[in-house]
Amino acid sequence: MEKSLVAGASLQVEGLTVSFGSGNHRVLALDGLGFSLKPGEIGSLLGASGCGKTTALRAIAGFVRPHRGRILIGQREVVSATVFVAPEKRGVGVVFQDYALFPHLDIAGNVAFGLRELPAGERADRVAQMLELVGLPTIGRRFPHELSGGQQQRVALARALAPSPSVLLLDEPFSNLDPDLRERLALDLRAILKRHGTTALLVTHDQYEAFALADSIGVMEAGRIAQWDSPYRLYHQPDTRQVADFVGLGAFLPGRVEHRDGRSFVQIELGTLPIQTRADQAMAGATANAQGEVTVLLRPDDVIHDDASPLQAEVVNKAFRGAAFLYTLRLPSGAMLLALVPSHHNHAIGERIGIRFGADHVVTFPADEGSRAPSLTGPS
Ligand SMILES: Nc1ncnc2c1ncn2[C@@H]1O[C@H](COP(=O)(O)OP(=O)(O)OP(=O)(O)O)[C@@H](O)[C@H]1O
């Protein structure tokens, strides 16, 4: 029977500041970074290259000494103005990008590496338990070079989990794997971490990896958190245009906020969109200029294909996504839009199709300045 497993601890990071170099060559890698994870929660730091993700992870692990800030693991302060606990005393496990398995040790030897204090019998039980947990119960006698990349990644995870770390840190653990395997392993890893009750922090620049794995995601910009939220809210309610740009696909269209009969609306080329929630209303109020002009974010799933709609858009491009097509559409004004349409609606490039707005929320940002054209966003 499976032994009861130790749940993770909370992780609290406050005002973490790290810089490298000096004088003109000084780089501020972390600029007052703050966030927290509850015991058993999986968080992710997501951001473009150079935004400070790896430095954050290394500071939590204890490989980098911050200039300012505090880190608490559970109730224990591991970093403050007067405290610096050595990496090996923090109870933190790390899974690196390249797995870093020991080539001369077999798989059981690798997983047993952090268990030297346990008596041999208990150690063997724990290794078996961990290999079972990651779905590789029979490979203990093989060597790392005899395993696939995905299997090596699971062994690295088993090794990191074996000493029951209070917090597990994962540094782009899937980046060496092919894209199909990545998302599947991210989902498997989430199930394993949840079963184990491990608090974990993943750093990645791949939003789909973060979406598949994390309960909460912090989008980082220039060494700080731009928005810390659930994957759903980051996608549907981004606080800033930069976050909207970084997370998910979409289009930015010009709009105008109007008020009638005590209700607010946004007028865009797709029609008049009622602003339903107080949060959306507050955002529209805060972002509109004196003329009421705003920029409206439209995700591909906000745009519905409807043959009966009077608004027609031209198919400019299409990408088959299995269950759906991602269409790039040109509106009569010339503005571009993305639409996710069930794949039995197979339209040719150049065809005109009816569309309408189909979301229950409206996300607005300050209006584009001058000649800046409406644009598409997202990695694709
Ligand atoms: N040891 C170092 N010495 C000098 N500068 C460093 C050092 N480590 C990181 N930096 C700089 O600090 C900034 C943040 O780097 P970091 O590696 O944390 O970013 P990242 O978001 O993890 O990027 P990537 O996704 O490319 O790994 C970058 O400008 C980087 O060049």
# chains A, B, ... in the order shown; residues from 1 in each chain; ligands from 1
>>> select_by_dssp(residues="segment 203-339 of chain A", states="strand (DSSP E or B)", output="PyMOL selection string")
chain A and resi 203-204+216-221+224-229+250-260+263-268+271-274+293-298+303-305+312-320+324-330+336-339
>>> residues_around(residues="Gly197 of chain A", least_positions_apart="6", cutoff="10 Å", atoms="only C-alpha atoms", output="list in words")
Leu5, Val6, Ala7, Gly8, Ala9, Pro39, Gly40, Glu41, Ile42, Ser164, Ser166 and Ala191 of chain A
>>> residues_near_ligand(ligand="ligand 1", cutoff="10 Å", atoms="only C-alpha atoms and all ligand atoms", output="PyMOL selection string")
chain A and resi 18-22+25-30+45-59+64+171-172+203-206+220-223
>>> closest_residue(among="A:His361, A:Arg159, A:His145, A:Arg68", to="Val94 of chain A", atoms="only C-alpha atoms")
A:Arg159
